[in-house]
$ cat structure18.cif   # mmCIF, C-alpha atoms
data_final
#
loop_
_atom_site.group_PDB
_atom_site.id
_atom_site.type_symbol
_atom_site.label_atom_id
_atom_site.label_comp_id
_atom_site.auth_asym_id
_atom_site.auth_seq_id
_atom_site.Cartn_x
_atom_site.Cartn_y
_atom_site.Cartn_z
ATOM 1 C CA MET Q 5 -0.667 6.558 -7.134
ATOM 2 C CA ILE Q 6 -0.382 5.156 -10.629
ATOM 3 C CA PHE Q 7 -1.088 8.443 -12.348
ATOM 4 C CA GLY Q 8 2.600 9.270 -12.554
ATOM 5 C CA LEU Q 9 2.697 6.627 -15.265
ATOM 6 C CA PHE Q 10 0.767 8.870 -17.626
ATOM 7 C CA LYS Q 11 3.186 11.827 -17.732
ATOM 8 C CA ARG Q 12 4.850 10.956 -21.035
ATOM 9 C CA LYS Q 13 1.585 10.689 -22.919
ATOM 10 C CA SER Q 14 -0.042 13.135 -25.308
ATOM 11 C CA GLY Q 15 -2.324 15.986 -24.373
ATOM 12 C CA ASN Q 16 -4.952 13.433 -23.334
ATOM 13 C CA THR Q 17 -3.367 12.914 -19.909
ATOM 14 C CA ALA Q 18 -6.269 14.184 -17.800
ATOM 15 C CA ILE Q 19 -8.797 12.337 -19.942
ATOM 16 C CA VAL Q 20 -6.850 9.065 -19.758
ATOM 17 C CA GLU Q 21 -6.361 9.391 -15.988
ATOM 18 C CA ARG Q 22 -10.060 10.062 -15.452
ATOM 19 C CA GLN Q 23 -11.230 7.208 -17.692
ATOM 20 C CA TYR Q 24 -8.734 4.694 -16.311
ATOM 21 C CA ALA Q 25 -9.814 5.598 -12.771
ATOM 22 C CA LEU Q 26 -13.470 5.064 -13.726
ATOM 23 C CA LEU Q 27 -12.706 1.676 -15.270
ATOM 24 C CA THR Q 28 -10.605 0.607 -12.294
ATOM 25 C CA SER Q 29 -13.314 1.700 -9.889
ATOM 26 C CA ALA Q 30 -15.908 -0.271 -11.848
ATOM 27 C CA ALA Q 31 -13.716 -3.380 -11.675
ATOM 28 C CA ARG Q 32 -13.392 -3.007 -7.893
ATOM 29 C CA GLN Q 33 -17.103 -2.872 -7.064
ATOM 30 C CA PRO Q 34 -17.508 -5.026 -3.936
ATOM 31 C CA TYR Q 35 -20.694 -6.621 -5.321
ATOM 32 C CA LEU Q 36 -18.665 -8.307 -8.068
ATOM 33 C CA TYR Q 37 -16.604 -10.123 -5.441
ATOM 34 C CA THR Q 38 -19.308 -10.786 -2.857
ATOM 35 C CA ASP Q 39 -22.204 -11.759 -5.129
ATOM 36 C CA LEU Q 40 -20.955 -12.471 -8.669
ATOM 37 C CA ASP Q 41 -18.218 -14.998 -7.788
ATOM 38 C CA VAL Q 42 -15.220 -12.925 -8.852
ATOM 39 C CA PRO Q 43 -12.302 -14.158 -6.705
ATOM 40 C CA ASP Q 44 -10.935 -11.427 -4.442
ATOM 41 C CA THR Q 45 -7.333 -12.184 -5.365
ATOM 42 C CA VAL Q 46 -4.652 -10.473 -7.415
ATOM 43 C CA MET Q 47 -5.617 -12.582 -10.438
ATOM 44 C CA GLY Q 48 -9.327 -12.084 -9.800
ATOM 45 C CA ARG Q 49 -8.816 -8.324 -9.865
ATOM 46 C CA PHE Q 50 -6.696 -8.626 -13.028
ATOM 47 C CA GLU Q 51 -9.479 -10.664 -14.646
ATOM 48 C CA MET Q 52 -12.179 -8.182 -13.655
ATOM 49 C CA LEU Q 53 -10.233 -5.138 -14.826
ATOM 50 C CA SER Q 54 -9.497 -6.972 -18.074
ATOM 51 C CA ALA Q 55 -13.221 -7.614 -18.558
ATOM 52 C CA MET Q 56 -14.038 -3.935 -17.955
ATOM 53 C CA LEU Q 57 -11.322 -2.829 -20.371
ATOM 54 C CA ILE Q 58 -12.641 -5.226 -22.993
ATOM 55 C CA LEU Q 59 -16.110 -3.683 -22.690
ATOM 56 C CA TYR Q 60 -14.566 -0.215 -22.935
ATOM 57 C CA PHE Q 61 -12.534 -1.108 -26.027
ATOM 58 C CA ARG Q 62 -15.506 -2.708 -27.698
ATOM 59 C CA ARG Q 63 -17.377 0.565 -27.157
ATOM 60 C CA THR Q 64 -14.532 2.688 -28.522
ATOM 61 C CA ARG Q 65 -13.714 0.541 -31.561
ATOM 62 C CA ALA Q 66 -16.124 2.580 -33.688
ATOM 63 C CA SER Q 67 -15.176 5.898 -32.103
ATOM 64 C CA ALA Q 68 -13.646 8.774 -33.967
ATOM 65 C CA ARG Q 69 -9.880 9.126 -33.840
ATOM 66 C CA PRO Q 70 -9.754 10.941 -30.452
ATOM 67 C CA GLY Q 71 -11.719 8.123 -28.797
ATOM 68 C CA GLN Q 72 -9.457 5.481 -30.307
ATOM 69 C CA GLU Q 73 -6.317 7.376 -29.280
ATOM 70 C CA ILE Q 74 -7.572 7.585 -25.710
ATOM 71 C CA ALA Q 75 -8.391 3.873 -25.771
ATOM 72 C CA GLN Q 76 -4.844 3.049 -26.871
ATOM 73 C CA GLU Q 77 -3.396 5.229 -24.124
ATOM 74 C CA ILE Q 78 -5.604 3.469 -21.589
ATOM 75 C CA ILE Q 79 -4.344 0.044 -22.659
ATOM 76 C CA ASP Q 80 -0.789 1.367 -22.380
ATOM 77 C CA ALA Q 81 -1.591 2.657 -18.883
ATOM 78 C CA PHE Q 82 -3.109 -0.703 -17.945
ATOM 79 C CA PHE Q 83 0.045 -2.585 -18.875
ATOM 80 C CA GLU Q 84 2.228 -0.016 -17.109
ATOM 81 C CA ASP Q 85 0.043 -0.485 -14.050
ATOM 82 C CA VAL Q 86 0.387 -4.280 -14.329
ATOM 83 C CA ASP Q 87 4.168 -3.915 -14.629
ATOM 84 C CA HIS Q 88 4.238 -1.755 -11.505
ATOM 85 C CA SER Q 89 2.039 -4.237 -9.615
ATOM 86 C CA ILE Q 90 4.258 -7.169 -10.582
ATOM 87 C CA ARG Q 91 7.281 -5.318 -9.235
ATOM 88 C CA GLU Q 92 5.405 -4.488 -6.013
ATOM 89 C CA LEU Q 93 4.667 -8.191 -5.581
ATOM 90 C CA GLY Q 94 8.412 -8.775 -5.504
ATOM 91 C CA VAL Q 95 9.162 -10.045 -8.980
ATOM 92 C CA GLY Q 96 12.706 -9.049 -9.866
ATOM 93 C CA ASP Q 97 13.696 -7.092 -12.951
ATOM 94 C CA ALA Q 98 14.755 -10.262 -14.753
ATOM 95 C CA GLY Q 99 11.367 -11.928 -14.253
ATOM 96 C CA VAL Q 100 9.140 -8.979 -15.146
ATOM 97 C CA PRO Q 101 9.297 -9.310 -18.968
ATOM 98 C CA LYS Q 102 8.337 -12.995 -18.781
ATOM 99 C CA LYS Q 103 5.385 -12.267 -16.465
ATOM 100 C CA MET Q 104 4.301 -9.304 -18.608
ATOM 101 C CA LYS Q 105 4.356 -11.419 -21.745
ATOM 102 C CA ARG Q 106 2.232 -14.063 -20.031
ATOM 103 C CA LEU Q 107 -0.284 -11.496 -18.698
ATOM 104 C CA ALA Q 108 -0.488 -9.698 -22.053
ATOM 105 C CA GLY Q 109 -1.180 -13.045 -23.718
ATOM 106 C CA MET Q 110 -3.890 -13.724 -21.158
ATOM 107 C CA TYR Q 111 -5.477 -10.329 -21.762
ATOM 108 C CA TYR Q 112 -5.514 -10.663 -25.547
ATOM 109 C CA GLY Q 113 -6.824 -14.230 -25.301
ATOM 110 C CA ARG Q 114 -9.686 -12.997 -23.157
ATOM 111 C CA LEU Q 115 -10.327 -10.147 -25.555
ATOM 112 C CA GLU Q 116 -10.793 -12.681 -28.325
ATOM 113 C CA SER Q 117 -12.968 -15.161 -26.409
ATOM 114 C CA TYR Q 118 -15.133 -12.575 -24.651
ATOM 115 C CA ALA Q 119 -15.555 -10.558 -27.852
ATOM 116 C CA ALA Q 120 -16.870 -13.588 -29.726
ATOM 117 C CA ALA Q 121 -19.448 -14.299 -27.011
ATOM 118 C CA LEU Q 122 -20.368 -10.620 -26.610
ATOM 119 C CA GLU Q 123 -20.747 -10.176 -30.359
ATOM 120 C CA ALA Q 124 -23.146 -13.119 -30.498
ATOM 121 C CA LYS Q 125 -24.842 -11.992 -27.254
ATOM 122 C CA ASP Q 126 -24.281 -15.577 -26.121
ATOM 123 C CA ARG Q 127 -24.600 -15.570 -22.335
ATOM 124 C CA ALA Q 128 -23.762 -19.274 -22.012
ATOM 125 C CA ALA Q 129 -20.547 -18.944 -24.056
ATOM 126 C CA LEU Q 130 -19.538 -15.838 -22.122
ATOM 127 C CA ALA Q 131 -20.252 -17.564 -18.798
ATOM 128 C CA ALA Q 132 -18.158 -20.559 -19.889
ATOM 129 C CA ALA Q 133 -15.228 -18.300 -20.860
ATOM 130 C CA LEU Q 134 -15.518 -16.371 -17.590
ATOM 131 C CA LYS Q 135 -15.600 -19.625 -15.607
ATOM 132 C CA ARG Q 136 -12.445 -20.879 -17.365
ATOM 133 C CA ASN Q 137 -10.589 -17.625 -16.785
ATOM 134 C CA PHE Q 138 -11.783 -16.548 -13.341
ATOM 135 C CA HIS Q 139 -11.685 -20.072 -11.841
ATOM 136 C CA PRO Q 140 -9.071 -22.005 -13.843
ATOM 137 C CA GLU Q 141 -8.540 -24.627 -11.129
ATOM 138 C CA GLY Q 142 -12.223 -25.012 -10.251
ATOM 139 C CA GLY Q 143 -13.321 -27.534 -12.842
ATOM 140 C CA ASP Q 144 -16.958 -28.583 -12.565
ATOM 141 C CA ALA Q 145 -17.127 -27.268 -8.991
ATOM 142 C CA ALA Q 146 -16.322 -23.690 -10.091
ATOM 143 C CA PRO Q 147 -19.116 -21.109 -9.992
ATOM 144 C CA ALA Q 148 -21.146 -20.990 -13.197
ATOM 145 C CA MET Q 149 -20.507 -17.235 -13.743
ATOM 146 C CA GLU Q 150 -23.947 -16.793 -15.328
ATOM 147 C CA ALA Q 151 -24.707 -13.702 -13.237
ATOM 148 C CA LEU Q 152 -21.418 -12.032 -14.199
ATOM 149 C CA ALA Q 153 -22.064 -12.865 -17.857
ATOM 150 C CA THR Q 154 -25.518 -11.287 -17.618
ATOM 151 C CA TYR Q 155 -24.042 -8.175 -16.003
ATOM 152 C CA LEU Q 156 -21.336 -7.805 -18.675
ATOM 153 C CA LEU Q 157 -23.865 -8.218 -21.498
ATOM 154 C CA THR Q 158 -26.080 -5.596 -19.860
ATOM 155 C CA VAL Q 159 -23.147 -3.204 -19.464
ATOM 156 C CA GLU Q 160 -22.153 -3.620 -23.103
ATOM 157 C CA ALA Q 161 -25.712 -2.878 -24.246
ATOM 158 C CA GLN Q 162 -25.845 0.253 -22.092
ATOM 159 C CA LEU Q 163 -22.425 1.483 -23.244
ATOM 160 C CA ALA Q 164 -23.574 1.276 -26.863
ATOM 161 C CA ASP Q 165 -25.992 4.133 -26.156
ATOM 162 C CA VAL Q 166 -23.352 6.451 -24.664
ATOM 163 C CA GLY Q 167 -22.564 9.503 -26.779
ATOM 164 C CA GLU Q 168 -19.195 10.055 -28.377
ATOM 165 C CA GLU Q 169 -18.567 13.260 -26.382
ATOM 166 C CA VAL Q 170 -18.633 11.180 -23.185
ATOM 167 C CA VAL Q 171 -15.986 8.811 -24.591
ATOM 168 C CA GLU Q 172 -13.771 11.630 -25.886
ATOM 169 C CA THR Q 173 -13.782 13.415 -22.529
ATOM 170 C CA GLY Q 174 -12.982 10.304 -20.488
ATOM 171 C CA GLN Q 175 -16.291 10.241 -18.636
ATOM 172 C CA LEU Q 176 -17.630 6.851 -19.693
ATOM 173 C CA GLN Q 177 -19.279 5.370 -16.599
ATOM 174 C CA ILE Q 178 -19.692 1.629 -16.203
ATOM 175 C CA PRO Q 179 -23.156 0.871 -14.813
ATOM 176 C CA SER Q 180 -23.136 -0.369 -11.255
ATOM 177 C CA ALA Q 181 -23.333 -4.072 -10.529
ATOM 178 C CA GLY Q 182 -26.166 -5.150 -8.276
ATOM 179 C CA ALA Q 183 -28.144 -1.970 -8.710
#

$ encode --input "structure18.cif" --output "structure tokens"
Amino acid sequence: MIFGLFKRKSGNTAIVERQYALLTSAARQPYLYTDLDVPDTVMGRFEMLSAMLILYFRRTRASARPGQEIAQEIIDAFFEDVDHSIRELGVGDAGVPKKMKRLAGMYYGRLESYAAALEAKDRAALAAALKRNFHPEGGDAAPAMEALATYLLTVEAQLADVGEEVVETGQLQIPSAGA
């Protein structure tokens, strides 16, 4: 399992493992793929986990120092996990840095575009960004992503009400899709 990646971290290891597992589980909810038009592909799963991490980081941006430290360790774990996945897909050592740079750029680009739409609570702008990123080759025929945008806005609103002790102990639950 990926949890061996966390061994060199601070004393937050158990908290980071628990929170990363919760975020990963939330990104793998079957309903997202069967009903909300998330492609069930390697890139679709990357996109969905990125979206969940963005919601998590938006929640923790105002956290006290322990919450922010955990958030940074989770992003580190995410990129270590991505590195491991790239290698499992057969990319050689020479190609990994180039792929990682591209994927990191994609993640931070999404962080910026989703954050702007989430901040404005603009479902249409969020749906448009999701459509571009989840279905880059789809053009006008791509799914509208309105339902996913609605879900992500709902999740963000619910996470805002979660207490700091939940964040600091790595127990932040993402509300279920389709419930």

$ residues_around --input "structure18.cif" --residues "Q:Ala181" --least-positions-apart "3" --cutoff "9 Å" --atoms "all atoms listed in the file" --output "PyMOL selection string"
chain Q and resi 30+33-36+40+152+155+159+178

$ atom_distance --input "structure18.cif" --atom1 "atom CA of Q:Leu59" --atom2 "atom CA of Q:Glu150"
17.0 Å

$ residues_around --input "structure18.cif" --residues "stretch 108-119 of chain Q" --least-positions-apart "6" --cutoff "12 Å" --atoms "only C-alpha atoms" --output "PyMOL selection string"
chain Q and resi 47+50-63+65+79-80+82-84+86-87+100-102+125-138+153+156-157+160

$ write_last_selection --input "structure18.cif" --atoms "C-alpha atoms" --output "PDB file, in the coordinates of the input"
ATOM      1  CA  MET Q  47      -5.617 -12.582 -10.438  1.00  0.00           C
ATOM      2  CA  PHE Q  50      -6.696  -8.626 -13.028  1.00  0.00           C
ATOM      3  CA  GLU Q  51      -9.479 -10.664 -14.646  1.00  0.00           C
ATOM      4  CA  MET Q  52     -12.179  -8.182 -13.655  1.00  0.00           C
ATOM      5  CA  LEU Q  53     -10.233  -5.138 -14.826  1.00  0.00           C
ATOM      6  CA  SER Q  54      -9.497  -6.972 -18.074  1.00  0.00           C
ATOM      7  CA  ALA Q  55     -13.221  -7.614 -18.558  1.00  0.00           C
ATOM      8  CA  MET Q  56     -14.038  -3.935 -17.955  1.00  0.00           C
ATOM      9  CA  LEU Q  57     -11.322  -2.829 -20.371  1.00  0.00           C
ATOM     10  CA  ILE Q  58     -12.641  -5.226 -22.993  1.00  0.00           C
ATOM     11  CA  LEU Q  59     -16.110  -3.683 -22.690  1.00  0.00           C
ATOM     12  CA  TYR Q  60     -14.566  -0.215 -22.935  1.00  0.00           C
ATOM     13  CA  PHE Q  61     -12.534  -1.108 -26.027  1.00  0.00           C
ATOM     14  CA  ARG Q  62     -15.506  -2.708 -27.698  1.00  0.00           C
ATOM     15  CA  ARG Q  63     -17.377   0.565 -27.157  1.00  0.00           C
ATOM     16  CA  ARG Q  65     -13.714   0.541 -31.561  1.00  0.00           C
ATOM     17  CA  ILE Q  79      -4.344   0.044 -22.659  1.00  0.00           C
ATOM     18  CA  ASP Q  80      -0.789   1.367 -22.380  1.00  0.00           C
ATOM     19  CA  PHE Q  82      -3.109  -0.703 -17.945  1.00  0.00           C
ATOM     20  CA  PHE Q  83       0.045  -2.585 -18.875  1.00  0.00           C
ATOM     21  CA  GLU Q  84       2.228  -0.016 -17.109  1.00  0.00           C
ATOM     22  CA  VAL Q  86       0.387  -4.280 -14.329  1.00  0.00           C
ATOM     23  CA  ASP Q  87       4.168  -3.915 -14.629  1.00  0.00           C
ATOM     24  CA  VAL Q 100       9.140  -8.979 -15.146  1.00  0.00           C
ATOM     25  CA  PRO Q 101       9.297  -9.310 -18.968  1.00  0.00           C
ATOM     26  CA  LYS Q 102       8.337 -12.995 -18.781  1.00  0.00           C
ATOM     27  CA  LYS Q 125     -24.842 -11.992 -27.254  1.00  0.00           C
ATOM     28  CA  ASP Q 126     -24.281 -15.577 -26.121  1.00  0.00           C
ATOM     29  CA  ARG Q 127     -24.600 -15.570 -22.335  1.00  0.00           C
ATOM     30  CA  ALA Q 128     -23.762 -19.274 -22.012  1.00  0.00           C
ATOM     31  CA  ALA Q 129     -20.547 -18.944 -24.056  1.00  0.00           C
ATOM     32  CA  LEU Q 130     -19.538 -15.838 -22.122  1.00  0.00           C
ATOM     33  CA  ALA Q 131     -20.252 -17.564 -18.798  1.00  0.00           C
ATOM     34  CA  ALA Q 132     -18.158 -20.559 -19.889  1.00  0.00           C
ATOM     35  CA  ALA Q 133     -15.228 -18.300 -20.860  1.00  0.00           C
ATOM     36  CA  LEU Q 134     -15.518 -16.371 -17.590  1.00  0.00           C
ATOM     37  CA  LYS Q 135     -15.600 -19.625 -15.607  1.00  0.00           C
ATOM     38  CA  ARG Q 136     -12.445 -20.879 -17.365  1.00  0.00           C
ATOM     39  CA  ASN Q 137     -10.589 -17.625 -16.785  1.00  0.00           C
ATOM     40  CA  PHE Q 138     -11.783 -16.548 -13.341  1.00  0.00           C
ATOM     41  CA  ALA Q 153     -22.064 -12.865 -17.857  1.00  0.00           C
ATOM     42  CA  LEU Q 156     -21.336  -7.805 -18.675  1.00  0.00           C
ATOM     43  CA  LEU Q 157     -23.865  -8.218 -21.498  1.00  0.00           C
ATOM     44  CA  GLU Q 160     -22.153  -3.620 -23.103  1.00  0.00           C
TER      45      GLU Q 160
END

$ atom_distance --input "structure18.cif" --atom1 "atom CA of Q:Gln23" --atom2 "atom CA of Q:Gly71"
11.2 Å

$ closest_residue --input "structure18.cif" --among "Q:Arg22, Q:Arg32, Q:Arg49, Q:Arg106" --to "Q:Glu77" --atoms "only C-alpha atoms"
Q:Arg22

$ resolve_selection --input "structure18.cif" --expression "the PyMOL selection byres ((chain Q and resi 147) around 7)" --output "list of chain:residue names"
Q:Asp41, Q:Lys135, Q:Ala145, Q:Ala146, Q:Ala148, Q:Met149

$ closest_residue --input "structure18.cif" --among "Q:Ala25, Q:Val42, Q:Leu122, Q:Ile19" --to "Q:His139" --atoms "only C-alpha atoms"
Q:Val42

$ atom_distance --input "structure18.cif" --atom1 "atom CA of Q:Leu93" --atom2 "atom CA of Q:Thr28"
18.9 Å

$ closest_residue --input "structure18.cif" --among "Q:Ile78, Q:Val46, Q:Ala121, Q:Ala68" --to "Q:Ile90" --atoms "only C-alpha atoms"
Q:Val46

$ residues_near_point --input "structure18.cif" --point "(-18.5, 16.0, -30.2)" --cutoff "12 Å" --atoms "all atoms listed in the file" --output "PDB file with C-alpha atoms, in the frame of the given file"
ATOM      1  CA  SER Q  67     -15.176   5.898 -32.103  1.00  0.00           C
ATOM      2  CA  ALA Q  68     -13.646   8.774 -33.967  1.00  0.00           C
ATOM      3  CA  ARG Q  69      -9.880   9.126 -33.840  1.00  0.00           C
ATOM      4  CA  PRO Q  70      -9.754  10.941 -30.452  1.00  0.00           C
ATOM      5  CA  GLY Q  71     -11.719   8.123 -28.797  1.00  0.00           C
ATOM      6  CA  GLY Q 167     -22.564   9.503 -26.779  1.00  0.00           C
ATOM      7  CA  GLU Q 168     -19.195  10.055 -28.377  1.00  0.00           C
ATOM      8  CA  GLU Q 169     -18.567  13.260 -26.382  1.00  0.00           C
ATOM      9  CA  VAL Q 170     -18.633  11.180 -23.185  1.00  0.00           C
ATOM     10  CA  VAL Q 171     -15.986   8.811 -24.591  1.00  0.00           C
ATOM     11  CA  GLU Q 172     -13.771  11.630 -25.886  1.00  0.00           C
ATOM     12  CA  THR Q 173     -13.782  13.415 -22.529  1.00  0.00           C
TER      13      THR Q 173
END

$ closest_residue --input "structure18.cif" --among "Q:Ile74, Q:Ala124, Q:Leu176, Q:Leu107" --to "Q:Ala18" --atoms "all atoms listed in the file"
Q:Ile74

$ closest_residue --input "structure18.cif" --among "Q:Gly143, Q:Ala151, Q:Pro179, Q:Ala75" --to "Q:Leu163" --atoms "only C-alpha atoms"
Q:Pro179

$ closest_residue --input "structure18.cif" --among "Q:Thr45, Q:Gln72, Q:Thr38, Q:Thr64" --to "Q:Asn16" --atoms "all atoms listed in the file"
Q:Gln72

$ decode --input "structure18.cif" --residues "stretch 50-73 of chain Q" --atoms "N, CA, C and O atoms" --output "CSV table (one decimal), in the first residue's frame"
chain,number,residue,atom,x,y,z
Q,50,PHE,N,-7.3,10.8,-11.3
Q,50,PHE,CA,-6.4,11.9,-10.9
Q,50,PHE,C,-7.2,13.2,-10.8
Q,50,PHE,O,-7.0,13.9,-9.8
Q,51,GLU,N,-8.0,13.5,-11.7
Q,51,GLU,CA,-8.9,14.7,-11.7
Q,51,GLU,C,-9.8,14.7,-10.5
Q,51,GLU,O,-9.9,15.7,-9.8
Q,52,MET,N,-10.4,13.5,-10.2
Q,52,MET,CA,-11.3,13.5,-9.0
Q,52,MET,C,-10.6,13.6,-7.7
Q,52,MET,O,-11.0,14.4,-6.8
Q,53,LEU,N,-9.4,13.0,-7.6
Q,53,LEU,CA,-8.7,13.1,-6.3
Q,53,LEU,C,-8.2,14.6,-6.2
Q,53,LEU,O,-8.2,15.1,-5.1
Q,54,SER,N,-7.8,15.1,-7.3
Q,54,SER,CA,-7.3,16.6,-7.3
Q,54,SER,C,-8.5,17.4,-6.8
Q,54,SER,O,-8.2,18.3,-5.9
Q,55,ALA,N,-9.7,17.2,-7.3
Q,55,ALA,CA,-10.8,18.0,-6.8
Q,55,ALA,C,-11.1,17.9,-5.3
Q,55,ALA,O,-11.3,18.9,-4.6
Q,56,MET,N,-11.0,16.6,-4.8
Q,56,MET,CA,-11.2,16.4,-3.4
Q,56,MET,C,-10.1,17.1,-2.6
Q,56,MET,O,-10.4,17.7,-1.5
Q,57,LEU,N,-8.9,17.0,-3.1
Q,57,LEU,CA,-7.8,17.6,-2.3
Q,57,LEU,C,-7.9,19.2,-2.3
Q,57,LEU,O,-7.6,19.8,-1.3
Q,58,ILE,N,-8.4,19.7,-3.4
Q,58,ILE,CA,-8.6,21.1,-3.5
Q,58,ILE,C,-9.7,21.6,-2.5
Q,58,ILE,O,-9.5,22.6,-1.7
Q,59,LEU,N,-10.7,20.8,-2.3
Q,59,LEU,CA,-11.8,21.1,-1.3
Q,59,LEU,C,-11.2,21.0,0.1
Q,59,LEU,O,-11.4,21.9,0.9
Q,60,TYR,N,-10.3,20.0,0.3
Q,60,TYR,CA,-9.7,19.8,1.6
Q,60,TYR,C,-8.8,21.0,1.9
Q,60,TYR,O,-8.8,21.6,3.0
Q,61,PHE,N,-8.0,21.4,0.9
Q,61,PHE,CA,-7.0,22.5,1.2
Q,61,PHE,C,-7.7,23.8,1.3
Q,61,PHE,O,-7.3,24.7,2.1
Q,62,ARG,N,-8.8,24.0,0.7
Q,62,ARG,CA,-9.6,25.2,0.9
Q,62,ARG,C,-10.1,25.2,2.3
Q,62,ARG,O,-10.2,26.3,2.9
Q,63,ARG,N,-10.5,24.1,2.8
Q,63,ARG,CA,-11.0,24.0,4.2
Q,63,ARG,C,-9.9,24.3,5.2
Q,63,ARG,O,-10.1,24.9,6.2
Q,64,THR,N,-8.7,23.8,4.9
Q,64,THR,CA,-7.6,23.9,5.9
Q,64,THR,C,-6.8,25.2,5.8
Q,64,THR,O,-6.0,25.5,6.6
Q,65,ARG,N,-7.1,26.0,4.8
Q,65,ARG,CA,-6.3,27.2,4.6
Q,65,ARG,C,-6.4,28.2,5.8
Q,65,ARG,O,-5.5,29.0,6.0
Q,66,ALA,N,-7.5,28.2,6.5
Q,66,ALA,CA,-7.7,29.0,7.7
Q,66,ALA,C,-7.4,28.3,9.0
Q,66,ALA,O,-7.6,28.8,10.0
Q,67,SER,N,-6.9,27.0,8.9
Q,67,SER,CA,-6.7,26.2,10.1
Q,67,SER,C,-5.5,26.8,10.8
Q,67,SER,O,-4.7,27.5,10.3
Q,68,ALA,N,-5.5,26.3,12.1
Q,68,ALA,CA,-4.3,26.6,12.9
Q,68,ALA,C,-3.1,25.9,12.3
Q,68,ALA,O,-3.2,25.0,11.4
Q,69,ARG,N,-1.9,26.1,12.8
Q,69,ARG,CA,-0.7,25.6,12.3
Q,69,ARG,C,-0.7,24.0,12.1
Q,69,ARG,O,-0.3,23.5,11.1
Q,70,PRO,N,-1.2,23.3,13.1
Q,70,PRO,CA,-1.3,21.8,13.0
Q,70,PRO,C,-2.1,21.4,11.7
Q,70,PRO,O,-1.7,20.5,11.0
Q,71,GLY,N,-3.2,22.0,11.5
Q,71,GLY,CA,-4.0,21.7,10.3
Q,71,GLY,C,-3.3,22.0,9.0
Q,71,GLY,O,-3.4,21.2,8.1
Q,72,GLN,N,-2.6,23.1,9.0
Q,72,GLN,CA,-1.9,23.5,7.8
Q,72,GLN,C,-0.7,22.6,7.6
Q,72,GLN,O,-0.4,22.2,6.4
Q,73,GLU,N,0.0,22.1,8.6
Q,73,GLU,CA,1.1,21.2,8.5
Q,73,GLU,C,0.6,19.9,7.9
Q,73,GLU,O,1.3,19.3,7.1
